[in-house]
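Listing of target_14.pdb, PDB, C-alpha atoms
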ATOM      1  CA  MET Q   1      -2.998  11.943  14.215  1.00  0.00           C
ATOM      2  CA  THR Q   2      -4.943  15.174  13.773  1.00  0.00           C
ATOM      3  CA  GLN Q   3      -4.425  14.858  10.004  1.00  0.00           C
ATOM      4  CA  VAL Q   4      -6.410  11.603   9.969  1.00  0.00           C
ATOM      5  CA  ARG Q   5      -9.654  13.549  10.208  1.00  0.00           C
ATOM      6  CA  HIS Q   6      -9.004  14.899   6.702  1.00  0.00           C
ATOM      7  CA  ILE Q   7      -9.071  11.421   5.151  1.00  0.00           C
ATOM      8  CA  PRO Q   8     -12.335  10.868   3.234  1.00  0.00           C
ATOM      9  CA  TRP Q   9     -13.422   7.788   5.215  1.00  0.00           C
ATOM     10  CA  GLU Q  10     -16.545   7.322   3.089  1.00  0.00           C
ATOM     11  CA  ASP Q  11     -14.377   6.684  -0.006  1.00  0.00           C
ATOM     12  CA  TYR Q  12     -13.136   3.127   0.524  1.00  0.00           C
ATOM     13  CA  ASP Q  13     -10.649   3.396  -2.363  1.00  0.00           C
ATOM     14  CA  ILE Q  14      -8.702   5.832  -0.206  1.00  0.00           C
ATOM     15  CA  ALA Q  15      -9.837   4.971   3.317  1.00  0.00           C
ATOM     16  CA  PHE Q  16      -8.777   1.310   3.382  1.00  0.00           C
ATOM     17  CA  PRO Q  17      -5.190   1.890   2.149  1.00  0.00           C
ATOM     18  CA  ALA Q  18      -4.869   4.835   4.557  1.00  0.00           C
ATOM     19  CA  PHE Q  19      -6.137   2.720   7.463  1.00  0.00           C
ATOM     20  CA  LEU Q  20      -3.804  -0.132   6.499  1.00  0.00           C
ATOM     21  CA  THR Q  21      -0.842   2.245   6.387  1.00  0.00           C
ATOM     22  CA  ILE Q  22      -1.679   3.806   9.758  1.00  0.00           C
ATOM     23  CA  VAL Q  23      -2.178   0.436  11.460  1.00  0.00           C
ATOM     24  CA  LEU Q  24       0.789  -1.443   9.991  1.00  0.00           C
ATOM     25  CA  MET Q  25       3.419   1.162  10.789  1.00  0.00           C
ATOM     26  CA  PRO Q  26       3.307   0.665  14.574  1.00  0.00           C
ATOM     27  CA  PHE Q  27       2.510  -3.071  14.447  1.00  0.00           C
ATOM     28  CA  THR Q  28       5.440  -3.904  12.147  1.00  0.00           C
ATOM     29  CA  TYR Q  29       7.772  -1.267  13.612  1.00  0.00           C
ATOM     30  CA  SER Q  30       8.465  -0.175  10.049  1.00  0.00           C
ATOM     31  CA  ILE Q  31       7.356   2.900   8.161  1.00  0.00           C
ATOM     32  CA  THR Q  32       8.432   1.191   4.940  1.00  0.00           C
ATOM     33  CA  ASN Q  33       6.130  -1.788   5.501  1.00  0.00           C
ATOM     34  CA  GLY Q  34       3.177   0.457   6.294  1.00  0.00           C
ATOM     35  CA  ILE Q  35       3.638   2.685   3.272  1.00  0.00           C
ATOM     36  CA  GLY Q  36       4.300  -0.295   1.013  1.00  0.00           C
ATOM     37  CA  ALA Q  37       1.128  -2.059   2.124  1.00  0.00           C
ATOM     38  CA  GLY Q  38      -0.848   1.130   1.577  1.00  0.00           C
ATOM     39  CA  PHE Q  39       0.521   1.588  -1.936  1.00  0.00           C
ATOM     40  CA  ILE Q  40      -0.177  -2.030  -2.847  1.00  0.00           C
ATOM     41  CA  ALA Q  41      -3.696  -1.878  -1.390  1.00  0.00           C
ATOM     42  CA  TYR Q  42      -4.486   1.371  -3.211  1.00  0.00           C
ATOM     43  CA  THR Q  43      -3.401   0.169  -6.653  1.00  0.00           C
ATOM     44  CA  THR Q  44      -4.992  -3.259  -6.149  1.00  0.00           C
ATOM     45  CA  ILE Q  45      -8.338  -1.721  -5.172  1.00  0.00           C
ATOM     46  CA  LYS Q  46      -8.246   0.629  -8.150  1.00  0.00           C
ATOM     47  CA  LEU Q  47      -7.356  -2.274 -10.467  1.00  0.00           C
ATOM     48  CA  PHE Q  48     -10.170  -4.559  -9.266  1.00  0.00           C
ATOM     49  CA  ARG Q  49     -12.749  -1.759  -9.297  1.00  0.00           C
ATOM     50  CA  GLY Q  50     -11.916  -0.983 -12.937  1.00  0.00           C
ATOM     51  CA  ARG Q  51     -10.347   2.371 -12.159  1.00  0.00           C
ATOM     52  CA  SER Q  52      -6.739   1.560 -12.990  1.00  0.00           C
ATOM     53  CA  ARG Q  53      -6.499   4.569 -15.327  1.00  0.00           C
ATOM     54  CA  GLN Q  54      -6.897   6.835 -12.286  1.00  0.00           C
ATOM     55  CA  VAL Q  55      -3.562   5.592 -10.934  1.00  0.00           C
ATOM     56  CA  HIS Q  56      -0.488   7.499 -12.108  1.00  0.00           C
ATOM     57  CA  TRP Q  57       2.146   5.431 -13.921  1.00  0.00           C
ATOM     58  CA  MET Q  58       4.729   6.245 -11.236  1.00  0.00           C
ATOM     59  CA  MET Q  59       2.434   4.736  -8.614  1.00  0.00           C
ATOM     60  CA  TRP Q  60       2.442   1.475 -10.587  1.00  0.00           C
ATOM     61  CA  ILE Q  61       6.247   1.489 -10.627  1.00  0.00           C
ATOM     62  CA  VAL Q  62       6.463   2.161  -6.888  1.00  0.00           C
ATOM     63  CA  THR Q  63       3.882  -0.569  -6.231  1.00  0.00           C
ATOM     64  CA  ALA Q  64       5.865  -3.061  -8.319  1.00  0.00           C
ATOM     65  CA  SER Q  65       8.998  -2.075  -6.392  1.00  0.00           C
ATOM     66  CA  PHE Q  66       7.241  -2.706  -3.077  1.00  0.00           C
ATOM     67  CA  LEU Q  67       5.995  -6.085  -4.326  1.00  0.00           C
ATOM     68  CA  ILE Q  68       9.577  -7.029  -5.148  1.00  0.00           C
ATOM     69  CA  TYR Q  69      10.731  -5.697  -1.766  1.00  0.00           C
ATOM     70  CA  PHE Q  70       8.165  -7.832   0.084  1.00  0.00           C
ATOM     71  CA  ALA Q  71       8.876 -10.903  -2.087  1.00  0.00           C
ATOM     72  CA  ILE Q  72      12.667 -10.944  -1.678  1.00  0.00           C
ATOM     73  CA  ASP Q  73      12.757 -12.563   1.782  1.00  0.00           C
ATOM     74  CA  PRO Q  74      10.246 -15.370   1.078  1.00  0.00           C
ATOM     75  CA  VAL Q  75      11.944 -16.189  -2.231  1.00  0.00           C
ATOM     76  CA  GLU Q  76      15.368 -16.303  -0.572  1.00  0.00           C
ATOM     77  CA  ARG Q  77      14.029 -18.616   2.133  1.00  0.00           C
ATOM     78  CA  LEU Q  78      12.386 -20.837  -0.462  1.00  0.00           C
ATOM     79  CA  LEU Q  79      15.634 -21.127  -2.402  1.00  0.00           C
ATOM     80  CA  GLY Q  80      17.693 -21.618   0.735  1.00  0.00           C
ATOM     81  CA  VAL Q  81      19.834 -18.560   0.041  1.00  0.00           C
ATOM     82  CA  HIS Q  82      19.075 -16.873   3.330  1.00  0.00           C
TER      83      HIS Q  82
END

This entry written out as structure tokens:
Amino acid sequence: MTQVRHIPWEDYDIAFPAFLTIVLMPFTYSITNGIGAGFIAYTTIKLFRGRSRQVHWMMWIVTASFLIYFAIDPVERLLGVH
């Protein structure tokens, strides 16, 4: 947790996804869920603030992959496949 002090907390584009990642990891018992939520939050914030060009193209691919990862279970339940 000593590395948390290096996060620029005054920059909400970075601080909120970092906070979300840190909080969700222990609450969901999953590093994957925490990192995925952080990636999605980061790209979504950049998109809605008109700064989508600041996000690397690989980050968009990883974010899309996490969206698919999070959507698989609800879609399977909806279709009755689960």

Query - Interatomic distance (Å, one decimal) between atom CA of Q:Ile22 and atom CA of Q:Ile35 - result: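 If I compute the distance from atom CA of Q:Ile22 to atom CA of Q:Ile35, I get 8.5 Å.
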
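Against this structure, the PyMOL selection byres ((chain Q and resi 20) around 10) ends up with Q:Ala15, Q:Phe16, Q:Pro17, Q:Ala18, Q:Phe19, Q:Thr21, Q:Ile22, Q:Val23, Q:Leu24, Q:Met25, Q:Gly34, Q:Ile35, Q:Gly36, Q:Ala37, Q:Gly38, Q:Phe39, Q:Ala41, Q:Tyr42.
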
**Report entry** Selection under test: the PyMOL selection byres ((chain Q and resi 60) around 12); residues as a PyMOL selection string
**Finding:** chain Q and resi 36+39-44+46-47+52-59+61-67

Requested in this report: For atom CA of Q:Val4 and atom CA of Q:Phe27, determine how far apart the two atoms are, in Å to one decimal place.
Outcome: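 It comes out at 17.7 Å.
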
Query - Atomic distance atom CA of Q:Arg51 - atom CA of Q:Ile14, expressed in Å with one decimal - result: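 Computed distance, atom CA of Q:Arg51 to atom CA of Q:Ile14, equals 12.6 Å.
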
Axis-aligned box for stretch 17-33 of chain Q, 6 Å per side, centre and edges in Å as lines of an AutoDock Vina configuration file:
center_x = 1.2
center_y = 0.5
center_z = 8.4
size_x = 26.6
size_y = 20.7
size_z = 24.4
